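Worksheet: one structure, shown below.
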Amino acid sequence: MSYVDAIRKLDVLERQIEQERTGNAEELSGRLRFSRRTLFNYFDLLKEKGYTIKYCRRRNTYYFDESQTSDDK
């Protein structure tokens with residue numbers, strides 16, 4: 001995967017989380033066409049950008065915890 005592809009997938013992942021329509025890790029990684037491990041690597045990159053990512057079992061989605069997100073995004 002090229003650098004440009006990786007950045008695009010990171011942007012798509014970020015939008016999916018913002019919309020709170022991700023599903024679980026298996027569903028999300030399958031939809032984005034990369035491994036579950038890669039998904040969690042992307043989560044780490046988003047965390048480095050200042051996001052706090054949480055998962056809601058009731059709604060079956062990942063979301064950004066705005067109460068703990070820093071302002072340096």
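Labels for the structure tokens follow display order: chains A, B, ..., residues from 1 in each chain, ligands from 1.
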
Query raised in the report: Residues at most 12 Å from range 43-50 of chain A, counting only C-alpha atoms, excluding those fewer than 4 positions away in the same chain, as a ChimeraX atom specification?
Result: /A:6-7,9-15,17-18,25,28-29,36-39,54-55,62-73

Requested in this report: Could you check which of A:Gly30, A:Arg58, A:Ser35, A:Tyr42 is closest to Arg8 in chain A, using only C-alpha atoms?
Outcome: A:Tyr42

Query - Every residue of chain A that DSSP places in helix (DSSP H, G or I), as an NGL selection string - result: :A and (3-19 or 25-32 or 36-48)

Selection above as a file: N, CA and C atoms, as a JSON list (two decimals), in the first residue's frame:
```
[["chain", "number", "residue", "atom", "x", "y", "z"],
["A", 3, "TYR", "N", 1.85, 5.33, 0.41],
["A", 3, "TYR", "CA", 1.61, 6.33, 1.44],
["A", 3, "TYR", "C", 0.28, 7.05, 1.19],
["A", 4, "VAL", "N", 0.02, 7.40, -0.04],
["A", 4, "VAL", "CA", -1.22, 8.10, -0.39],
["A", 4, "VAL", "C", -2.43, 7.23, -0.07],
["A", 5, "ASP", "N", -2.37, 5.95, -0.39],
["A", 5, "ASP", "CA", -3.47, 5.03, -0.07],
["A", 5, "ASP", "C", -3.69, 4.95, 1.44],
["A", 6, "ALA", "N", -2.59, 4.90, 2.18],
["A", 6, "ALA", "CA", -2.69, 4.81, 3.64],
["A", 6, "ALA", "C", -3.36, 6.06, 4.22],
["A", 7, "ILE", "N", -2.99, 7.23, 3.72],
["A", 7, "ILE", "CA", -3.60, 8.48, 4.19],
["A", 7, "ILE", "C", -5.08, 8.52, 3.83],
["A", 8, "ARG", "N", -5.43, 8.08, 2.65],
["A", 8, "ARG", "CA", -6.84, 8.06, 2.25],
["A", 8, "ARG", "C", -7.65, 7.13, 3.15],
["A", 9, "LYS", "N", -7.10, 5.96, 3.44],
["A", 9, "LYS", "CA", -7.82, 5.02, 4.31],
["A", 9, "LYS", "C", -7.95, 5.58, 5.72],
["A", 10, "LEU", "N", -6.92, 6.27, 6.18],
["A", 10, "LEU", "CA", -7.00, 6.90, 7.50],
["A", 10, "LEU", "C", -8.11, 7.95, 7.51],
["A", 11, "ASP", "N", -8.22, 8.73, 6.45],
["A", 11, "ASP", "CA", -9.30, 9.73, 6.35],
["A", 11, "ASP", "C", -10.68, 9.08, 6.34],
["A", 12, "VAL", "N", -10.81, 7.98, 5.59],
["A", 12, "VAL", "CA", -12.09, 7.27, 5.54],
["A", 12, "VAL", "C", -12.43, 6.72, 6.92],
["A", 13, "LEU", "N", -11.44, 6.16, 7.60],
["A", 13, "LEU", "CA", -11.66, 5.63, 8.95],
["A", 13, "LEU", "C", -12.10, 6.75, 9.88],
["A", 14, "GLU", "N", -11.44, 7.88, 9.80],
["A", 14, "GLU", "CA", -11.79, 9.02, 10.66],
["A", 14, "GLU", "C", -13.24, 9.45, 10.42],
["A", 15, "ARG", "N", -13.66, 9.52, 9.17],
["A", 15, "ARG", "CA", -15.05, 9.89, 8.86],
["A", 15, "ARG", "C", -16.04, 8.85, 9.38],
["A", 16, "GLN", "N", -15.71, 7.58, 9.23],
["A", 16, "GLN", "CA", -16.60, 6.51, 9.72],
["A", 16, "GLN", "C", -16.80, 6.64, 11.23],
["A", 17, "ILE", "N", -15.71, 6.90, 11.95],
["A", 17, "ILE", "CA", -15.81, 7.04, 13.40],
["A", 17, "ILE", "C", -16.61, 8.29, 13.76],
["A", 18, "GLU", "N", -16.39, 9.39, 13.06],
["A", 18, "GLU", "CA", -17.15, 10.62, 13.32],
["A", 18, "GLU", "C", -18.64, 10.39, 13.13],
["A", 19, "GLN", "N", -19.02, 9.59, 12.14],
["A", 19, "GLN", "CA", -20.43, 9.30, 11.86],
["A", 19, "GLN", "C", -20.99, 8.25, 12.81],
["A", 25, "ALA", "N", -14.85, -4.34, 15.11],
["A", 25, "ALA", "CA", -13.53, -4.31, 14.46],
["A", 25, "ALA", "C", -13.49, -5.19, 13.21],
["A", 26, "GLU", "N", -14.09, -6.36, 13.27],
["A", 26, "GLU", "CA", -14.10, -7.27, 12.11],
["A", 26, "GLU", "C", -14.86, -6.65, 10.94],
["A", 27, "GLU", "N", -16.03, -6.09, 11.22],
["A", 27, "GLU", "CA", -16.84, -5.48, 10.17],
["A", 27, "GLU", "C", -16.14, -4.27, 9.55],
["A", 28, "LEU", "N", -15.57, -3.43, 10.41],
["A", 28, "LEU", "CA", -14.92, -2.22, 9.94],
["A", 28, "LEU", "C", -13.68, -2.53, 9.12],
["A", 29, "SER", "N", -12.85, -3.43, 9.61],
["A", 29, "SER", "CA", -11.63, -3.76, 8.86],
["A", 29, "SER", "C", -11.99, -4.43, 7.53],
["A", 30, "GLY", "N", -13.03, -5.24, 7.49],
["A", 30, "GLY", "CA", -13.47, -5.86, 6.25],
["A", 30, "GLY", "C", -13.98, -4.83, 5.26],
["A", 31, "ARG", "N", -14.74, -3.87, 5.74],
["A", 31, "ARG", "CA", -15.28, -2.82, 4.87],
["A", 31, "ARG", "C", -14.15, -1.96, 4.29],
["A", 32, "LEU", "N", -13.12, -1.70, 5.10],
["A", 32, "LEU", "CA", -12.01, -0.87, 4.64],
["A", 32, "LEU", "C", -10.93, -1.69, 3.93],
["A", 36, "ARG", "N", -7.50, -6.71, 10.71],
["A", 36, "ARG", "CA", -7.90, -6.20, 12.02],
["A", 36, "ARG", "C", -6.70, -5.52, 12.71],
["A", 37, "ARG", "N", -5.52, -6.13, 12.58],
["A", 37, "ARG", "CA", -4.30, -5.57, 13.17],
["A", 37, "ARG", "C", -4.01, -4.19, 12.57],
["A", 38, "THR", "N", -4.16, -4.06, 11.27],
["A", 38, "THR", "CA", -3.94, -2.77, 10.61],
["A", 38, "THR", "C", -4.94, -1.74, 11.12],
["A", 39, "LEU", "N", -6.17, -2.16, 11.35],
["A", 39, "LEU", "CA", -7.18, -1.25, 11.90],
["A", 39, "LEU", "C", -6.69, -0.66, 13.22],
["A", 40, "PHE", "N", -6.17, -1.51, 14.11],
["A", 40, "PHE", "CA", -5.71, -1.01, 15.39],
["A", 40, "PHE", "C", -4.44, -0.17, 15.25],
["A", 41, "ASN", "N", -3.64, -0.43, 14.23],
["A", 41, "ASN", "CA", -2.50, 0.45, 13.94],
["A", 41, "ASN", "C", -3.00, 1.84, 13.53],
["A", 42, "TYR", "N", -4.05, 1.89, 12.72],
["A", 42, "TYR", "CA", -4.66, 3.16, 12.34],
["A", 42, "TYR", "C", -5.26, 3.86, 13.56],
["A", 43, "PHE", "N", -5.89, 3.10, 14.45],
["A", 43, "PHE", "CA", -6.40, 3.70, 15.69],
["A", 43, "PHE", "C", -5.25, 4.37, 16.45],
["A", 44, "ASP", "N", -4.08, 3.71, 16.49],
["A", 44, "ASP", "CA", -2.93, 4.30, 17.17],
["A", 44, "ASP", "C", -2.51, 5.62, 16.52],
["A", 45, "LEU", "N", -2.56, 5.68, 15.19],
["A", 45, "LEU", "CA", -2.23, 6.92, 14.49],
["A", 45, "LEU", "C", -3.22, 8.03, 14.84],
["A", 46, "LEU", "N", -4.50, 7.68, 14.91],
["A", 46, "LEU", "CA", -5.51, 8.68, 15.29],
["A", 46, "LEU", "C", -5.30, 9.14, 16.73],
["A", 47, "LYS", "N", -4.91, 8.24, 17.60],
["A", 47, "LYS", "CA", -4.64, 8.62, 18.98],
["A", 47, "LYS", "C", -3.46, 9.57, 19.07],
["A", 48, "GLU", "N", -2.45, 9.35, 18.20],
["A", 48, "GLU", "CA", -1.31, 10.27, 18.15],
["A", 48, "GLU", "C", -1.74, 11.66, 17.69]]
```

Requested in this report: List every residue of range 31-63 of chain A that DSSP, applied to the backbone, labels as strand (DSSP E), and write the result as number ranges by chain.
Outcome: A: 53-56, 61-63
